[in-house]
Amino acid sequence: MVSCFCEMYADDTKVYDSVEIESKRDRIQQDLDNLVSWADLWQLRFNASKCKVLHLGHNNPKAEYNMRLHNSDERVVLEASKGEKDLGVMMDQELKFRQHIETQVNKANRILGLIRRSYQYQDMDTMRQLFVALIRPHLEFANVASSPRHQKDKDLIEGVLRRATKMVPGLANSTYEERLARMKIPSMQYRRDRGDMIEAYKFTHGLYKVESPLVLENSDRQTRGHNLRLKKRPCNGQMRQHYFSFWVVNPWNALPDSVVSAPSFNAFKARLDNHWADRMYK
């Protein structure tokens with residue numbers, strides 16, 4: 001019924017494919033028609049006014065698509081969008097995730113402001129617990145997919161933690177690294193790097209059951225390092241350099257065998273933190 005890629009979650013439906021030639025464009029249009037026919041059959045309805053088209057890639061022909069209205073022969077042209085939210089992640093045409101990062105940082109800053117107004121005295125332990133429980137989850141939401149590529153975005157995320165640590169009495173005049181160490185809160189950059197290694201561990205140890213893994217195990221076991229080294233995919237464009245499957249390879253391959261061969265997930269996290277102890281608060 002649908003020849004392109006189709007993903008459905010709750011009341012959200014996505015149809016997508018690469019469009020290099022005209023026939024691919026026609027295939028996507030045919031899938032849209034098939035989905036509307038299926039919805040008519042099962043007494044459902046796609047709201048055409050809420051359906052958008054997101055064109056990705058510099059050489060995208062930006063074809064126009066239309067959708068037939070429910071139980072009607074009338075068609076409406078789908079509006080092209082510069083950015084759409086997908087499962088809580090704002091995706092833009094350039095896959096820079098700038099809008100997503102700004103949205104999450106704004107949420108975190110609002111909560112930080114609420115904490116400032118609600119507590120007359122923010123002691124070190126209380127502030128740490130509040131940051132970890134209420135603020136950090138917003139800054140880390142989907143960070144493997146939307147990890148910032150530009151220093152401006154990295155500073156934006158790190159700035160929330162900088163302000164939070166300055167709110168603790170007696171720490172305002174200390175350096176950022178000193179504040180993190182005393183509060184025992186790793187930097188946001190460290191948390192992202194650690195999260196990448198955790199995902200790589202899950203892939204290489206079979207904790208993810210996927211047909212086409214994002215990372216490729218290195219078939220050449222004669223190379224230096226551990227036996228779980230990853231093979232880096234070819235990269236001809238700047239955008240691909242920021243894919244998880246590309247940036248995770250070098251730091252993962254640089255880890256010692258004692259870390260990557262940890263017998264359990266929790267053991268891996270403990271060994272990784274011990275191995276990277278010197279960079280935790282930087």
# chains A, B, ... in the order shown; residues from 1 in each chain; ligands from 1
$ residues_around --residues "stretch 256-264 of chain A" --least-positions-apart "3" --cutoff "10 Å" --atoms "only C-alpha atoms" --output "number ranges by chain"
A: 197-198, 200-201, 204-205, 225-229, 252-253, 267-275
$ select_by_dssp --residues "stretch 23-222 of chain A" --states "alpha helix (DSSP H)" --output "ChimeraX atom specification"
/A:23-41,98-118,124-130,136-139,151-166,176-183,188-204
$ atom_distance --atom1 "atom CA of A:Leu180" --atom2 "atom CA of A:Val89"
28.2 Å
$ residues_around --residues "A:Pro61" --least-positions-apart "4" --cutoff "9 Å" --atoms "only C-alpha atoms" --output "PDB file with N, CA, C and O atoms, in the first residue's frame"
ATOM      1  N   VAL A  19      14.412  12.008  -2.941  1.00  0.00           N
ATOM      2  CA  VAL A  19      13.795  12.385  -4.216  1.00  0.00           C
ATOM      3  C   VAL A  19      14.883  12.880  -5.155  1.00  0.00           C
ATOM      4  O   VAL A  19      15.201  14.072  -5.201  1.00  0.00           O
ATOM      5  N   GLU A  20      15.504  11.954  -5.894  1.00  0.00           N
ATOM      6  CA  GLU A  20      16.521  12.349  -6.866  1.00  0.00           C
ATOM      7  C   GLU A  20      15.931  12.502  -8.261  1.00  0.00           C
ATOM      8  O   GLU A  20      16.413  13.293  -9.070  1.00  0.00           O
ATOM      9  N   ILE A  21      14.871  11.755  -8.555  1.00  0.00           N
ATOM     10  CA  ILE A  21      14.268  11.783  -9.881  1.00  0.00           C
ATOM     11  C   ILE A  21      12.766  11.993  -9.740  1.00  0.00           C
ATOM     12  O   ILE A  21      12.189  11.832  -8.669  1.00  0.00           O
ATOM     13  N   HIS A  55      11.383  19.893   3.313  1.00  0.00           N
ATOM     14  CA  HIS A  55      12.400  19.534   2.322  1.00  0.00           C
ATOM     15  C   HIS A  55      13.776  19.569   2.980  1.00  0.00           C
ATOM     16  O   HIS A  55      14.172  20.575   3.567  1.00  0.00           O
TER      17      HIS A  55
END
$ select_by_dssp --residues "stretch 124-254 of chain A" --states "strand (DSSP E or B)" --output "PyMOL selection string"
chain A and resi 216-217+230-231
$ write_last_selection --atoms "all heavy atoms" --output "PDB file, in the first residue's frame"
ATOM      1  N   LEU A 216      28.981   0.850  12.323  1.00  0.00           N
ATOM      2  CA  LEU A 216      29.473  -0.378  11.709  1.00  0.00           C
ATOM      3  C   LEU A 216      30.660  -0.898  12.495  1.00  0.00           C
ATOM      4  O   LEU A 216      31.619  -0.171  12.738  1.00  0.00           O
ATOM      5  CB  LEU A 216      29.902  -0.114  10.264  1.00  0.00           C
ATOM      6  CG  LEU A 216      28.812   0.355   9.293  1.00  0.00           C
ATOM      7  CD1 LEU A 216      29.436   0.690   7.947  1.00  0.00           C
ATOM      8  CD2 LEU A 216      27.760  -0.713   9.128  1.00  0.00           C
ATOM      9  N   GLU A 217      30.609  -2.154  12.888  1.00  0.00           N
ATOM     10  CA  GLU A 217      31.753  -2.742  13.568  1.00  0.00           C
ATOM     11  C   GLU A 217      32.881  -2.948  12.573  1.00  0.00           C
ATOM     12  O   GLU A 217      32.665  -3.299  11.411  1.00  0.00           O
ATOM     13  CB  GLU A 217      31.365  -4.075  14.212  1.00  0.00           C
ATOM     14  CG  GLU A 217      30.439  -3.929  15.397  1.00  0.00           C
ATOM     15  CD  GLU A 217      30.298  -5.233  16.165  1.00  0.00           C
ATOM     16  OE1 GLU A 217      31.299  -5.949  16.279  1.00  0.00           O
ATOM     17  OE2 GLU A 217      29.199  -5.508  16.630  1.00  0.00           O
ATOM     18  N   LEU A 230      35.071   0.587  15.907  1.00  0.00           N
ATOM     19  CA  LEU A 230      34.065   0.877  14.894  1.00  0.00           C
ATOM     20  C   LEU A 230      34.728   1.374  13.622  1.00  0.00           C
ATOM     21  O   LEU A 230      35.792   1.997  13.661  1.00  0.00           O
ATOM     22  CB  LEU A 230      33.081   1.932  15.402  1.00  0.00           C
ATOM     23  CG  LEU A 230      32.303   1.574  16.671  1.00  0.00           C
ATOM     24  CD1 LEU A 230      31.435   2.745  17.094  1.00  0.00           C
ATOM     25  CD2 LEU A 230      31.456   0.336  16.452  1.00  0.00           C
ATOM     26  N   LYS A 231      34.101   1.093  12.503  1.00  0.00           N
ATOM     27  CA  LYS A 231      34.598   1.535  11.210  1.00  0.00           C
ATOM     28  C   LYS A 231      33.895   2.829  10.818  1.00  0.00           C
ATOM     29  O   LYS A 231      32.672   2.904  10.855  1.00  0.00           O
ATOM     30  CB  LYS A 231      34.331   0.456  10.157  1.00  0.00           C
ATOM     31  CG  LYS A 231      34.854   0.789   8.769  1.00  0.00           C
ATOM     32  CD  LYS A 231      34.573  -0.349   7.810  1.00  0.00           C
ATOM     33  CE  LYS A 231      35.086  -0.030   6.419  1.00  0.00           C
ATOM     34  NZ  LYS A 231      34.814  -1.152   5.478  1.00  0.00           N
TER      35      LYS A 231
END
$ residues_around --residues "A:Ile135" --least-positions-apart "4" --cutoff "9 Å" --atoms "only C-alpha atoms" --output "MDAnalysis selection string"
chainID A and resid 107:109 111:112 130:131 139 160:161
$ write_last_selection --atoms "N, CA, C and O atoms" --output "short mmCIF file (atom, residue, chain, number, x, y, z; two decimals), in the first residue's frame"
data_model
loop_
_atom_site.label_atom_id
_atom_site.label_comp_id
_atom_site.auth_asym_id
_atom_site.auth_seq_id
_atom_site.Cartn_x
_atom_site.Cartn_y
_atom_site.Cartn_z
N LYS A 107 13.12 26.75 28.16
CA LYS A 107 12.39 26.02 29.19
C LYS A 107 13.24 25.91 30.46
O LYS A 107 12.75 26.12 31.57
N ALA A 108 14.51 25.55 30.28
CA ALA A 108 15.41 25.39 31.42
C ALA A 108 15.60 26.72 32.15
O ALA A 108 15.62 26.76 33.39
N ASN A 109 15.73 27.82 31.41
CA ASN A 109 15.92 29.12 32.04
C ASN A 109 14.68 29.56 32.82
O ASN A 109 14.79 30.20 33.87
N ILE A 111 12.60 27.57 34.36
CA ILE A 111 12.60 26.80 35.61
C ILE A 111 13.65 27.34 36.57
O ILE A 111 13.42 27.43 37.78
N LEU A 112 14.81 27.71 36.03
CA LEU A 112 15.86 28.27 36.87
C LEU A 112 15.40 29.58 37.51
O LEU A 112 15.67 29.84 38.69
N LEU A 130 17.97 20.10 42.56
CA LEU A 130 16.99 20.79 41.72
C LEU A 130 17.44 20.84 40.27
O LEU A 130 16.63 20.65 39.35
N PHE A 131 18.72 21.10 40.03
CA PHE A 131 19.22 21.16 38.67
C PHE A 131 19.13 19.80 37.99
O PHE A 131 18.67 19.70 36.84
N LEU A 139 17.68 20.10 29.02
CA LEU A 139 18.88 20.38 28.24
C LEU A 139 19.40 19.13 27.55
O LEU A 139 20.12 19.23 26.55
N VAL A 160 23.25 27.74 30.93
CA VAL A 160 22.24 27.48 31.95
C VAL A 160 22.90 26.92 33.21
O VAL A 160 22.59 27.35 34.33
N LEU A 161 23.81 25.98 33.04
CA LEU A 161 24.52 25.41 34.19
C LEU A 161 25.43 26.44 34.83
O LEU A 161 25.58 26.46 36.06
#
$ residues_around --residues "A:Tyr121" --least-positions-apart "4" --cutoff "12 Å" --atoms "only C-alpha atoms" --output "count of residues only"
10
$ residues_around --residues "stretch 25-35 of chain A" --least-positions-apart "5" --cutoff "8 Å" --atoms "only C-alpha atoms" --output "PyMOL selection string"
chain A and resi 1-4+15-17+19+63+65-68
